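Here is structure_11.cif, consisting of mmCIF, C-alpha atoms (C1' of nucleotides):
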data_target
loop_
_atom_site.label_atom_id
_atom_site.label_comp_id
_atom_site.auth_asym_id
_atom_site.auth_seq_id
_atom_site.Cartn_x
_atom_site.Cartn_y
_atom_site.Cartn_z
CA MET A 698 54.98 -95.91 12.15
CA ARG A 699 55.14 -92.28 11.25
CA ILE A 700 55.01 -90.38 14.58
CA SER A 701 54.62 -86.85 13.22
CA ALA A 702 54.88 -83.86 15.52
CA ARG A 703 51.21 -83.28 14.99
CA THR A 704 50.36 -86.76 16.24
CA GLN A 705 52.65 -86.50 19.21
CA TYR A 706 51.10 -83.16 20.11
CA ALA A 707 47.59 -84.49 19.67
CA LEU A 708 48.30 -87.38 22.01
CA GLY A 709 49.83 -85.02 24.52
CA ALA A 710 46.75 -82.83 24.36
CA MET A 711 44.45 -85.79 24.80
CA LEU A 712 46.43 -86.95 27.81
CA ALA A 713 46.21 -83.46 29.28
CA LEU A 714 42.46 -83.56 28.90
CA ALA A 715 42.32 -87.05 30.32
CA VAL A 716 43.94 -86.08 33.59
CA ALA A 717 41.81 -82.95 34.01
CA ASP A 718 38.41 -83.11 35.62
CA ARG A 719 37.11 -79.90 34.08
CA PRO A 720 37.29 -78.18 30.70
CA VAL A 721 40.78 -77.03 29.83
CA HIS A 722 41.77 -74.01 27.75
CA ALA A 723 43.78 -74.40 24.60
CA GLU A 724 46.22 -71.95 26.14
CA ARG A 725 46.85 -74.21 29.08
CA ILE A 726 47.30 -77.27 26.92
CA ALA A 727 49.71 -75.42 24.70
CA VAL A 728 51.85 -74.42 27.66
CA THR A 729 51.89 -77.68 29.56
CA GLN A 730 52.41 -79.81 26.47
CA GLU A 731 54.82 -77.39 24.84
CA ILE A 732 52.77 -77.03 21.71
CA PRO A 733 53.03 -73.81 19.66
CA ARG A 734 49.93 -71.87 20.65
CA ARG A 735 48.32 -71.45 17.25
CA PHE A 736 49.18 -74.97 16.16
CA CYS A 737 47.51 -76.24 19.30
CA ASP A 738 44.23 -74.59 18.32
CA ASN A 739 44.58 -76.15 14.95
CA ILE A 740 45.02 -79.65 16.33
CA LEU A 741 42.26 -79.35 18.91
CA LEU A 742 39.92 -78.28 16.17
CA GLN A 743 40.77 -81.38 14.21
CA LEU A 744 40.24 -83.60 17.23
CA ARG A 745 36.88 -82.02 17.91
CA ARG A 746 35.73 -82.47 14.32
CA ALA A 747 36.70 -86.10 14.59
CA GLY A 748 34.45 -86.37 17.62
CA LEU A 749 37.18 -87.25 20.10
CA ILE A 750 36.75 -84.14 22.19
CA ARG A 751 34.05 -81.57 22.88
CA SER A 752 34.33 -77.86 23.44
CA GLN A 753 32.67 -74.75 24.73
CA ARG A 754 33.37 -71.20 23.58
CA GLY A 755 33.66 -67.98 25.49
CA PRO A 756 35.27 -67.26 28.85
CA ASP A 757 35.29 -70.39 30.96
CA GLY A 758 35.12 -72.37 27.76
CA GLY A 759 37.59 -75.09 26.97
CA TYR A 760 37.92 -78.66 25.82
CA TRP A 761 37.18 -82.04 27.35
CA LEU A 762 37.13 -85.64 26.23
CA ALA A 763 34.05 -86.85 24.42
CA ARG A 764 34.41 -90.29 26.03
CA PRO A 765 36.09 -91.62 29.17
CA ALA A 766 39.86 -91.96 28.84
CA GLY A 767 39.55 -95.72 29.16
CA GLN A 768 37.50 -95.80 25.99
CA ILE A 769 39.83 -93.85 23.76
CA ALA A 770 42.61 -95.87 22.20
CA LEU A 771 45.82 -94.33 20.94
CA ALA A 772 44.87 -95.62 17.52
CA ASP A 773 41.73 -93.49 17.61
CA VAL A 774 43.81 -90.37 17.98
CA ILE A 775 46.48 -91.37 15.53
CA ARG A 776 43.97 -92.26 12.87
CA VAL A 777 42.70 -88.69 13.03
CA THR A 778 46.01 -86.88 12.84
CA GLU A 779 47.73 -89.17 10.37
CA GLY A 780 44.71 -89.73 8.18
CA ALA A 781 44.10 -93.07 6.50
CA GLU A 782 47.28 -94.13 4.79
CA PRO A 783 47.25 -95.81 1.40
CA PRO A 784 47.01 -99.52 2.30
CA ALA A 785 50.43 -100.44 0.82
CA ARG A 786 52.13 -100.60 -2.52
CA PRO A 787 52.35 -103.78 -4.57
CA PHE A 788 54.87 -102.19 -6.97
CA SER A 789 56.43 -104.88 -9.13
CA PRO A 790 54.79 -108.31 -9.07
CA ALA A 791 58.24 -109.74 -8.37
CA ALA A 792 58.36 -107.98 -5.02
CA ALA A 793 54.79 -108.89 -4.19
CA PRO A 794 55.60 -111.29 -1.32
CA LEU A 795 56.78 -108.24 0.57
CA ALA A 796 53.23 -106.97 0.74
CA GLU A 797 52.38 -109.69 3.18
CA ILE A 798 55.15 -108.59 5.46
CA TRP A 799 54.06 -104.97 5.40
CA ASP A 800 50.60 -106.20 6.28
CA ARG A 801 51.83 -108.14 9.26
CA LEU A 802 53.73 -105.12 10.52
CA ARG A 803 50.74 -102.88 10.15
CA SER A 804 48.48 -105.39 11.84
CA HIS A 805 50.69 -105.73 14.85
CA GLU A 806 51.10 -102.01 15.16
CA ASN A 807 47.41 -101.50 14.83
CA ALA A 808 46.62 -104.17 17.39
CA LEU A 809 48.94 -102.64 19.93
CA LEU A 810 47.74 -99.10 19.44
CA SER A 811 44.09 -100.13 19.48
CA GLU A 812 44.64 -101.98 22.72
CA ILE A 813 46.24 -99.16 24.68
CA THR A 814 43.96 -96.41 25.89
CA LEU A 815 44.72 -92.97 27.23
CA ALA A 816 43.90 -94.30 30.69
CA ASP A 817 46.55 -96.99 30.28
CA VAL A 818 49.18 -94.46 29.40
CA ILE A 819 48.33 -92.34 32.38
CA ALA A 820 48.45 -95.35 34.66
CA ALA A 821 51.83 -96.24 33.22
CA GLY A 822 53.05 -92.73 33.90
CA ASP A 823 51.91 -92.81 37.53
CA SER A 824 53.24 -96.12 38.74
CA ASN A 825 56.40 -95.45 36.86
CA ASP A 826 57.01 -99.15 36.44
CA SER A 827 54.78 -99.36 33.48
CA ALA A 828 51.46 -101.11 33.38
CA VAL A 829 51.61 -100.91 29.63
CA ALA A 830 54.69 -103.06 29.39
CA GLY A 831 52.77 -105.89 30.96
CA ARG A 832 50.27 -106.23 28.18
CA GLU A 833 50.58 -108.83 25.51
CA VAL A 834 49.51 -108.22 21.96
CA ARG A 835 49.98 -110.87 19.32
CA MET B 102 57.46 -98.17 9.22
CA ARG B 103 58.07 -95.81 6.35
CA ILE B 104 58.17 -97.96 3.19
CA SER B 105 59.42 -95.36 0.72
CA ALA B 106 59.45 -96.07 -2.98
CA ARG B 107 63.21 -96.17 -2.79
CA THR B 108 63.14 -98.92 -0.19
CA GLN B 109 60.56 -100.93 -2.02
CA TYR B 110 62.61 -100.67 -5.21
CA ALA B 111 65.80 -101.61 -3.38
CA LEU B 112 64.19 -104.72 -1.96
CA GLY B 113 62.84 -105.63 -5.36
CA ALA B 114 66.30 -105.25 -6.85
CA MET B 115 67.86 -107.36 -4.13
CA LEU B 116 65.28 -110.08 -4.71
CA ALA B 117 65.98 -109.97 -8.42
CA LEU B 118 69.67 -110.49 -7.70
CA ALA B 119 68.89 -113.22 -5.22
CA VAL B 120 67.06 -115.36 -7.75
CA ALA B 121 69.69 -114.88 -10.47
CA ASP B 122 72.75 -117.10 -10.63
CA ARG B 123 74.87 -114.68 -12.61
CA PRO B 124 75.54 -110.92 -12.65
CA VAL B 125 72.49 -108.92 -13.71
CA HIS B 126 72.45 -105.63 -15.56
CA ALA B 127 70.87 -102.56 -14.05
CA GLU B 128 68.81 -102.38 -17.21
CA ARG B 129 67.31 -105.78 -16.60
CA ILE B 130 66.55 -105.05 -12.98
CA ALA B 131 64.90 -101.78 -13.92
CA VAL B 132 62.64 -103.53 -16.40
CA THR B 133 61.65 -106.56 -14.36
CA GLN B 134 61.14 -104.59 -11.17
CA GLU B 135 59.52 -101.63 -12.88
CA ILE B 136 62.02 -99.14 -11.54
CA PRO B 137 62.73 -95.94 -13.50
CA ARG B 138 66.00 -96.66 -15.28
CA ARG B 139 68.11 -93.84 -13.93
CA PHE B 140 66.71 -94.16 -10.43
CA CYS B 141 67.63 -97.84 -10.51
CA ASP B 142 71.29 -96.99 -11.14
CA ASN B 143 71.09 -94.60 -8.27
CA ILE B 144 69.75 -97.18 -5.86
CA LEU B 145 72.12 -99.94 -6.94
CA LEU B 146 75.01 -97.59 -6.38
CA GLN B 147 73.83 -96.97 -2.87
CA LEU B 148 73.46 -100.68 -2.18
CA ARG B 149 76.94 -101.34 -3.46
CA ARG B 150 78.47 -98.62 -1.33
CA ALA B 151 76.75 -100.16 1.65
CA GLY B 152 78.44 -103.43 0.82
CA LEU B 153 75.26 -105.40 0.14
CA ILE B 154 76.02 -106.04 -3.50
CA ARG B 155 79.06 -106.17 -5.74
CA SER B 156 79.46 -105.04 -9.31
CA GLN B 157 81.51 -105.26 -12.45
CA ARG B 158 81.70 -102.63 -15.16
CA GLY B 159 81.81 -102.89 -18.92
CA PRO B 160 79.92 -105.22 -21.24
CA ASP B 161 79.01 -108.40 -19.42
CA GLY B 162 79.20 -106.41 -16.23
CA GLY B 163 76.37 -106.31 -13.75
CA TYR B 164 75.48 -106.71 -10.12
CA TRP B 165 75.31 -109.63 -7.72
CA LEU B 166 74.78 -110.16 -4.02
CA ALA B 167 77.77 -109.72 -1.76
CA ARG B 168 76.49 -112.50 0.54
CA PRO B 169 74.15 -115.46 0.11
CA ALA B 170 70.49 -114.49 0.09
CA GLY B 171 69.97 -116.40 3.31
CA GLN B 172 72.38 -114.08 5.06
CA ILE B 173 70.82 -110.79 4.03
CA ALA B 174 67.95 -109.64 6.19
CA LEU B 175 65.33 -107.21 4.98
CA ALA B 176 66.45 -104.91 7.77
CA ASP B 177 69.93 -104.78 6.23
CA VAL B 178 68.51 -103.36 3.05
CA ILE B 179 66.03 -101.03 4.69
CA ARG B 180 68.65 -99.59 6.99
CA VAL B 181 70.60 -98.53 3.92
CA THR B 182 67.80 -96.91 1.99
CA GLU B 183 65.99 -95.30 4.89
CA GLY B 184 69.07 -94.22 6.76
CA ALA B 185 69.18 -94.22 10.54
CA GLU B 186 66.10 -92.50 11.85
CA PRO B 187 66.22 -90.23 14.89
CA PRO B 188 65.51 -92.64 17.79
CA ALA B 189 62.24 -90.96 18.88
CA ARG B 190 61.05 -87.70 20.33
CA PRO B 191 60.42 -87.12 24.02
CA PHE B 192 58.59 -83.85 23.28
CA SER B 193 56.74 -82.71 26.36
CA PRO B 194 57.56 -84.49 29.63
CA ALA B 195 53.82 -85.01 30.10
CA ALA B 196 53.67 -87.24 27.05
CA ALA B 197 56.82 -89.10 27.97
CA PRO B 198 55.17 -92.45 28.70
CA LEU B 199 54.44 -92.62 25.00
CA ALA B 200 58.13 -92.98 24.27
CA GLU B 201 58.08 -96.44 25.71
CA ILE B 202 55.33 -97.44 23.33
CA TRP B 203 57.17 -96.11 20.31
CA ASP B 204 60.16 -98.13 21.46
CA ARG B 205 58.18 -101.31 21.67
CA LEU B 206 56.82 -100.78 18.20
CA ARG B 207 60.23 -100.15 16.76
CA SER B 208 61.70 -103.15 18.52
CA HIS B 209 59.09 -105.50 17.19
CA GLU B 210 59.41 -104.14 13.72
CA ASN B 211 63.14 -104.42 13.88
CA ALA B 212 63.02 -107.96 15.21
CA LEU B 213 60.73 -109.08 12.43
CA LEU B 214 62.70 -107.44 9.65
CA SER B 215 66.00 -108.68 11.00
CA GLU B 216 64.66 -112.20 11.13
CA ILE B 217 63.41 -112.42 7.56
CA THR B 218 66.02 -112.85 4.86
CA LEU B 219 65.80 -112.44 1.11
CA ALA B 220 65.84 -116.22 0.85
CA ASP B 221 62.79 -116.41 3.10
CA VAL B 222 60.87 -114.01 0.91
CA ILE B 223 61.73 -115.96 -2.19
CA ALA B 224 60.67 -119.19 -0.56
CA ALA B 225 57.40 -117.57 0.46
CA GLY B 226 56.88 -116.45 -3.11
CA ASP B 227 57.45 -119.94 -4.53
CA SER B 228 55.34 -122.09 -2.27
CA ASN B 229 52.68 -119.48 -2.43
CA ASP B 230 51.38 -120.52 0.94
CA SER B 231 53.89 -118.45 2.75
CA ALA B 232 56.78 -119.82 4.74
CA VAL B 233 57.20 -116.38 6.22
CA ALA B 234 53.80 -116.42 7.87
CA GLY B 235 54.88 -119.39 9.93
CA ARG B 236 57.59 -117.57 11.76
CA GLU B 237 57.13 -116.22 15.23
CA VAL B 238 58.79 -113.06 16.36
CA ARG B 239 58.18 -111.70 19.81
"C1'" DA C 974 29.37 -53.54 25.45
"C1'" DT C 975 33.42 -55.92 26.50
"C1'" DT C 976 36.32 -59.55 26.67
"C1'" DA C 977 37.93 -64.29 26.54
"C1'" DT C 978 37.68 -67.91 24.27
"C1'" DT C 979 36.81 -71.29 20.38
"C1'" DC C 980 36.35 -71.65 15.34
"C1'" DC C 981 37.58 -71.37 10.45
"C1'" DT C 982 40.21 -70.66 5.96
"C1'" DA C 983 44.10 -69.81 3.96
"C1'" DC C 984 48.86 -68.88 3.74
"C1'" DT C 985 54.14 -69.59 4.33
"C1'" DT C 986 58.13 -72.02 4.78
"C1'" DG C 987 61.17 -75.87 5.38
"C1'" DT C 988 62.45 -80.57 4.38
"C1'" DA C 989 62.21 -85.02 2.23
"C1'" DT C 990 61.00 -87.92 -1.61
"C1'" DA C 991 61.19 -89.21 -6.31
"C1'" DG C 992 63.31 -88.86 -10.10
"C1'" DT C 993 66.49 -86.67 -13.85
"C1'" DA C 994 70.88 -84.93 -16.27
"C1'" DG C 995 75.28 -85.12 -17.93
"C1'" DG C 996 79.03 -87.16 -18.34
"C1'" DA C 997 83.51 -89.74 -16.41
"C1'" DA C 998 85.63 -94.37 -15.60
"C1'" DT C 999 86.12 -99.11 -16.77
"C1'" DG C 1000 86.35 -103.30 -19.15
"C1'" DG C 1001 85.38 -106.53 -22.95
"C1'" DT C 1002 85.63 -107.29 -28.10
"C1'" DG C 1003 87.08 -106.86 -32.85
"C1'" DC D 973 93.94 -99.57 -30.69
"C1'" DA D 974 89.02 -98.04 -31.40
"C1'" DC D 975 84.55 -98.84 -29.95
"C1'" DC D 976 80.87 -99.62 -27.17
"C1'" DA D 977 78.23 -101.16 -23.22
"C1'" DT D 978 78.07 -100.80 -18.88
"C1'" DT D 979 78.85 -99.03 -14.08
"C1'" DC D 980 79.91 -94.86 -11.43
"C1'" DC D 981 79.47 -90.21 -9.62
"C1'" DT D 982 77.79 -85.36 -8.54
"C1'" DA D 983 74.49 -82.42 -8.79
"C1'" DC D 984 70.14 -80.77 -10.02
"C1'" DT D 985 64.70 -80.22 -10.28
"C1'" DA D 986 60.02 -80.82 -9.11
"C1'" DT D 987 56.52 -82.11 -6.16
"C1'" DA D 988 54.34 -83.16 -1.90
"C1'" DC D 989 53.80 -83.00 2.83
"C1'" DA D 990 54.75 -81.41 7.52
"C1'" DA D 991 55.01 -77.67 10.67
"C1'" DG D 992 53.58 -73.72 11.89
"C1'" DT D 993 51.48 -68.83 11.19
"C1'" DA D 994 47.89 -65.10 10.20
"C1'" DG D 995 43.74 -62.75 10.42
"C1'" DG D 996 39.79 -62.50 11.87
"C1'" DA D 997 34.61 -64.38 12.61
"C1'" DA D 998 31.44 -66.63 16.03
"C1'" DT D 999 30.03 -67.35 20.65
"C1'" DA D 1000 29.32 -67.03 25.49
"C1'" DA D 1001 29.94 -65.11 30.11
"C1'" DT D 1002 29.91 -60.88 32.78
#

Now that the file is in, can you turn its structure into structure tokens?
Amino acid sequence: MRISARTQYALGAMLALAVADRPVHAERIAVTQEIPRRFCDNILLQLRRAGLIRSQRGPDGGYWLARPAGQIALADVIRVTEGAEPPARPFSPAAAPLAEIWDRLRSHENALLSEITLADVIAAGDSNDSAVAGREVR
Amino acid sequence: MRISARTQYALGAMLALAVADRPVHAERIAVTQEIPRRFCDNILLQLRRAGLIRSQRGPDGGYWLARPAGQIALADVIRVTEGAEPPARPFSPAAAPLAEIWDRLRSHENALLSEITLADVIAAGDSNDSAVAGREVR
DNA sequence: ATTATTCCTACTTGTATAGTAGGAATGGTG
DNA sequence: CACCATTCCTACTATACAAGTAGGAATAAT
């Protein structure tokens, strides 16, 4: 797992949009999520191009989720900001059995992150005894 | 999980030592594991300093494992080459619930890699229907 | 027309990874 | 002892990527 600042910011922004019931300005997101203003623009643009959010220009413009928060998995966001990583490295044939292990790790990670939606995270944040912790992913 | 080339090489080297019954030259490891010669030295030195392998200089010198292969977990090796990573980033308070998720991911990863030893990997490589796959880590 | 906002490309700067260079120290062998 | 193969050590370079910045064009409301 490579949680880059960009990814963390993007998730924060998505959560901010998820809790709002109306379009939100980049400015507001930047402030509440503590994202450098210009960088925030940058990230929102990327999220929009990926189809995760929608936007409107001009005064009273802003951003909102393209789908309900319950239908956007963390993995959806992460895939956008991290890009598709090279599947793994075989390197020497002698170390090949390791590849299987990397695969298992990636699978588990992927399963977990595909299972948890923005709505889940918000729910976990509210009832501070986390709903997320209750889930089982194999 | 950040499988750097260095880590992959280090694991390959450790596996090479694990299957040998006598000290092995850096040269030989570099060739069989397809590690750039000089870089191989570099990595072996690091592994020795960490106490995972031992060495002897001069002709007929070489490297060997400091402990039996069954007592060296993949995590032991990875911890050396990757160094201790900063535990996670809270970032904005709004995105705080995410921290718990990162923790779960790291825990699982850690559990799996601490469970699997060099001996396990070698066994999985031999009986090509993997012994490793049979394990359960929660 | 003005103004607030999103949109877009390109740039800068810092840090980590991957790998290299040059040679000192050590130990076996003749 | 001389020689040579090997490990040992510090420091350097080169490249890539992450983080963030800059300047302004397009659009929409008033």

Output the coordinates of chain A after least-squares fitting to chain B on all in-order C-alpha pairs, as a compact mmCIF listing (two decimals) with C-alpha atoms, in the frame of the given file.
# COMPACT_ATOMS: atom_id res chain seq x y z
CA MET A 698 57.28 -98.13 9.15
CA ARG A 699 57.99 -95.79 6.32
CA ILE A 700 58.06 -97.98 3.16
CA SER A 701 59.35 -95.39 0.69
CA ALA A 702 59.40 -96.13 -3.02
CA ARG A 703 63.15 -96.20 -2.83
CA THR A 704 63.09 -98.93 -0.20
CA GLN A 705 60.52 -100.96 -2.04
CA TYR A 706 62.59 -100.70 -5.21
CA ALA A 707 65.78 -101.61 -3.39
CA LEU A 708 64.18 -104.73 -1.96
CA GLY A 709 62.84 -105.64 -5.37
CA ALA A 710 66.30 -105.24 -6.85
CA MET A 711 67.86 -107.35 -4.13
CA LEU A 712 65.29 -110.07 -4.70
CA ALA A 713 66.03 -109.97 -8.42
CA LEU A 714 69.69 -110.47 -7.69
CA ALA A 715 68.91 -113.21 -5.21
CA VAL A 716 67.10 -115.35 -7.73
CA ALA A 717 69.75 -114.88 -10.42
CA ASP A 718 72.80 -117.09 -10.57
CA ARG A 719 74.93 -114.67 -12.56
CA PRO A 720 75.57 -110.92 -12.60
CA VAL A 721 72.54 -108.94 -13.67
CA HIS A 722 72.48 -105.63 -15.55
CA ALA A 723 70.88 -102.58 -14.05
CA GLU A 724 68.81 -102.41 -17.21
CA ARG A 725 67.34 -105.82 -16.60
CA ILE A 726 66.56 -105.08 -12.98
CA ALA A 727 64.91 -101.84 -13.94
CA VAL A 728 62.64 -103.59 -16.41
CA THR A 729 61.67 -106.62 -14.38
CA GLN A 730 61.15 -104.66 -11.18
CA GLU A 731 59.53 -101.70 -12.90
CA ILE A 732 62.02 -99.21 -11.56
CA PRO A 733 62.71 -96.01 -13.53
CA ARG A 734 65.98 -96.74 -15.30
CA ARG A 735 68.08 -93.89 -13.95
CA PHE A 736 66.67 -94.21 -10.46
CA CYS A 737 67.60 -97.87 -10.52
CA ASP A 738 71.26 -97.01 -11.13
CA ASN A 739 71.05 -94.60 -8.29
CA ILE A 740 69.72 -97.19 -5.86
CA LEU A 741 72.10 -99.93 -6.93
CA LEU A 742 74.96 -97.56 -6.36
CA GLN A 743 73.76 -96.93 -2.85
CA LEU A 744 73.41 -100.64 -2.16
CA ARG A 745 76.90 -101.29 -3.44
CA ARG A 746 78.41 -98.55 -1.29
CA ALA A 747 76.68 -100.09 1.68
CA GLY A 748 78.40 -103.36 0.85
CA LEU A 749 75.24 -105.34 0.18
CA ILE A 750 76.01 -105.99 -3.46
CA ARG A 751 79.07 -106.10 -5.70
CA SER A 752 79.48 -105.00 -9.27
CA GLN A 753 81.56 -105.20 -12.39
CA ARG A 754 81.77 -102.56 -15.11
CA GLY A 755 81.89 -102.85 -18.86
CA PRO A 756 80.03 -105.18 -21.20
CA ASP A 757 79.08 -108.34 -19.37
CA GLY A 758 79.26 -106.37 -16.16
CA GLY A 759 76.42 -106.28 -13.71
CA TYR A 760 75.52 -106.67 -10.08
CA TRP A 761 75.33 -109.59 -7.67
CA LEU A 762 74.79 -110.10 -3.98
CA ALA A 763 77.77 -109.66 -1.71
CA ARG A 764 76.49 -112.43 0.57
CA PRO A 765 74.17 -115.41 0.14
CA ALA A 766 70.49 -114.46 0.11
CA GLY A 767 69.97 -116.37 3.34
CA GLN A 768 72.37 -114.03 5.08
CA ILE A 769 70.81 -110.76 4.06
CA ALA A 770 67.91 -109.63 6.19
CA LEU A 771 65.29 -107.19 4.99
CA ALA A 772 66.41 -104.90 7.77
CA ASP A 773 69.88 -104.76 6.24
CA VAL A 774 68.46 -103.35 3.05
CA ILE A 775 65.99 -101.04 4.69
CA ARG A 776 68.60 -99.59 6.99
CA VAL A 777 70.55 -98.51 3.91
CA THR A 778 67.74 -96.89 1.98
CA GLU A 779 65.93 -95.29 4.89
CA GLY A 780 69.04 -94.23 6.74
CA ALA A 781 69.17 -94.26 10.53
CA GLU A 782 66.10 -92.51 11.83
CA PRO A 783 66.24 -90.22 14.84
CA PRO A 784 65.59 -92.61 17.75
CA ALA A 785 62.29 -90.96 18.80
CA ARG A 786 61.06 -87.71 20.21
CA PRO A 787 60.46 -87.17 23.92
CA PHE A 788 58.68 -83.85 23.26
CA SER A 789 56.90 -82.73 26.41
CA PRO A 790 57.78 -84.55 29.63
CA ALA A 791 54.04 -85.03 30.15
CA ALA A 792 53.84 -87.24 27.08
CA ALA A 793 57.00 -89.11 27.97
CA PRO A 794 55.33 -92.47 28.71
CA LEU A 795 54.56 -92.63 25.02
CA ALA A 796 58.24 -93.00 24.26
CA GLU A 797 58.17 -96.47 25.69
CA ILE A 798 55.40 -97.45 23.35
CA TRP A 799 57.21 -96.12 20.31
CA ASP A 800 60.19 -98.14 21.44
CA ARG A 801 58.20 -101.32 21.67
CA LEU A 802 56.81 -100.78 18.20
CA ARG A 803 60.22 -100.16 16.75
CA SER A 804 61.66 -103.17 18.51
CA HIS A 805 59.04 -105.51 17.19
CA GLU A 806 59.37 -104.15 13.70
CA ASN A 807 63.10 -104.43 13.86
CA ALA A 808 62.97 -107.97 15.19
CA LEU A 809 60.69 -109.09 12.40
CA LEU A 810 62.65 -107.44 9.64
CA SER A 811 65.97 -108.68 10.99
CA GLU A 812 64.62 -112.20 11.12
CA ILE A 813 63.38 -112.42 7.54
CA THR A 814 65.99 -112.83 4.85
CA LEU A 815 65.79 -112.42 1.11
CA ALA A 816 65.84 -116.21 0.85
CA ASP A 817 62.77 -116.41 3.08
CA VAL A 818 60.86 -114.02 0.90
CA ILE A 819 61.72 -115.95 -2.20
CA ALA A 820 60.68 -119.20 -0.57
CA ALA A 821 57.41 -117.58 0.44
CA GLY A 822 56.86 -116.46 -3.13
CA ASP A 823 57.46 -119.95 -4.53
CA SER A 824 55.32 -122.11 -2.31
CA ASN A 825 52.65 -119.50 -2.46
CA ASP A 826 51.36 -120.54 0.93
CA SER A 827 53.87 -118.48 2.71
CA ALA A 828 56.74 -119.82 4.73
CA VAL A 829 57.15 -116.39 6.21
CA ALA A 830 53.75 -116.42 7.83
CA GLY A 831 54.82 -119.39 9.88
CA ARG A 832 57.55 -117.60 11.74
CA GLU A 833 57.07 -116.25 15.19
CA VAL A 834 58.71 -113.08 16.37
CA ARG A 835 58.07 -111.75 19.84

Please provide as a tab-separated table (two decimals) with C-alpha atoms, in the frame of the given file all residues within 12 Å of B:Leu199, with the sequence filter that same-chain residues fewer than 4 positions apart are discarded (counting all atoms listed in the file).
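Printed below is selection.tsv as written:
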chain	number	residue	atom	x	y	z
A	700	ILE	CA	55.01	-90.38	14.58
A	704	THR	CA	50.36	-86.76	16.24
A	705	GLN	CA	52.65	-86.50	19.21
A	706	TYR	CA	51.10	-83.16	20.11
A	707	ALA	CA	47.59	-84.49	19.67
A	708	LEU	CA	48.30	-87.38	22.01
A	709	GLY	CA	49.83	-85.02	24.52
A	712	LEU	CA	46.43	-86.95	27.81
A	771	LEU	CA	45.82	-94.33	20.94
A	810	LEU	CA	47.74	-99.10	19.44
A	813	ILE	CA	46.24	-99.16	24.68
A	814	THR	CA	43.96	-96.41	25.89
A	815	LEU	CA	44.72	-92.97	27.23
A	817	ASP	CA	46.55	-96.99	30.28
A	818	VAL	CA	49.18	-94.46	29.40
A	819	ILE	CA	48.33	-92.34	32.38
A	820	ALA	CA	48.45	-95.35	34.66
A	821	ALA	CA	51.83	-96.24	33.22
A	822	GLY	CA	53.05	-92.73	33.90
A	827	SER	CA	54.78	-99.36	33.48
A	829	VAL	CA	51.61	-100.91	29.63
A	830	ALA	CA	54.69	-103.06	29.39
B	189	ALA	CA	62.24	-90.96	18.88
B	190	ARG	CA	61.05	-87.70	20.33
B	191	PRO	CA	60.42	-87.12	24.02
B	192	PHE	CA	58.59	-83.85	23.28
B	193	SER	CA	56.74	-82.71	26.36
B	194	PRO	CA	57.56	-84.49	29.63
B	195	ALA	CA	53.82	-85.01	30.10
B	203	TRP	CA	57.17	-96.11	20.31
B	204	ASP	CA	60.16	-98.13	21.46
B	205	ARG	CA	58.18	-101.31	21.67
B	206	LEU	CA	56.82	-100.78	18.20

Worksheet item: Near chain A, which residues of chain C fall within 8 Å when you count all atoms listed in the file, and what do they look like as a ChimeraX atom specification?
Response: /C:977-980

Discussion item. Under the PyMOL selection byres ((chain D) within 6 of (chain A)), which residues of this model are included? Write them out as a ChimeraX atom specification.
Written reply: /D:999-1001

Could you save those same residues with C-alpha atoms (C1' of nucleotides) as a short mmCIF file (atom, residue, chain, number, x, y, z; two decimals), in the frame of the given file?
data_model
loop_
_atom_site.label_atom_id
_atom_site.label_comp_id
_atom_site.auth_asym_id
_atom_site.auth_seq_id
_atom_site.Cartn_x
_atom_site.Cartn_y
_atom_site.Cartn_z
"C1'" DT D 999 30.03 -67.35 20.65
"C1'" DA D 1000 29.32 -67.03 25.49
"C1'" DA D 1001 29.94 -65.11 30.11
#

Could you please give me, as an mmCIF file with C-alpha atoms, keeping the file's coordinate frame, the residues of protein, DNA or RNA lying at most 8 Å from (69.5, -112.1, -1.4) in the coordinate frame of the file, considering all atoms listed in the file?
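After the write, result_32.cif holds the following:
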data_model
loop_
_atom_site.group_PDB
_atom_site.id
_atom_site.type_symbol
_atom_site.label_atom_id
_atom_site.label_comp_id
_atom_site.auth_asym_id
_atom_site.auth_seq_id
_atom_site.Cartn_x
_atom_site.Cartn_y
_atom_site.Cartn_z
ATOM 1 C CA MET B 115 67.860 -107.360 -4.130
ATOM 2 C CA LEU B 116 65.280 -110.080 -4.710
ATOM 3 C CA LEU B 118 69.670 -110.490 -7.700
ATOM 4 C CA ALA B 119 68.890 -113.220 -5.220
ATOM 5 C CA VAL B 120 67.060 -115.360 -7.750
ATOM 6 C CA LEU B 166 74.780 -110.160 -4.020
ATOM 7 C CA ARG B 168 76.490 -112.500 0.540
ATOM 8 C CA PRO B 169 74.150 -115.460 0.110
ATOM 9 C CA ALA B 170 70.490 -114.490 0.090
ATOM 10 C CA GLY B 171 69.970 -116.400 3.310
ATOM 11 C CA GLN B 172 72.380 -114.080 5.060
ATOM 12 C CA ILE B 173 70.820 -110.790 4.030
ATOM 13 C CA THR B 218 66.020 -112.850 4.860
ATOM 14 C CA LEU B 219 65.800 -112.440 1.110
ATOM 15 C CA ALA B 220 65.840 -116.220 0.850
#

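Take the PyMOL selection byres ((chain C and resi 989) around 9) and apply it to this file: it picks C:DT988, C:DT990, D:DC989.
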
Fill in: Evaluate the PyMOL selection byres ((chain D and resi 974) around 12) and report residues as a PyMOL selection string
(chain C and resi 1002-1003) or (chain D and resi 973+975-976)

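Reported to one decimal place, the separation of atom C1' of C:DA994 from atom C1' of D:DC981 is 12.1 Å.
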
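Computed from the coordinates, the atom CA of B:Arg103 to atom C1' of D:DA986 distance equals 21.6 Å.
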
Worksheet item: Looking at all atoms listed in the file, which of B:Glu183, B:Glu210, B:Asp122, B:Asp177 is the one that sits closest to chain A?
Response: B:Glu210
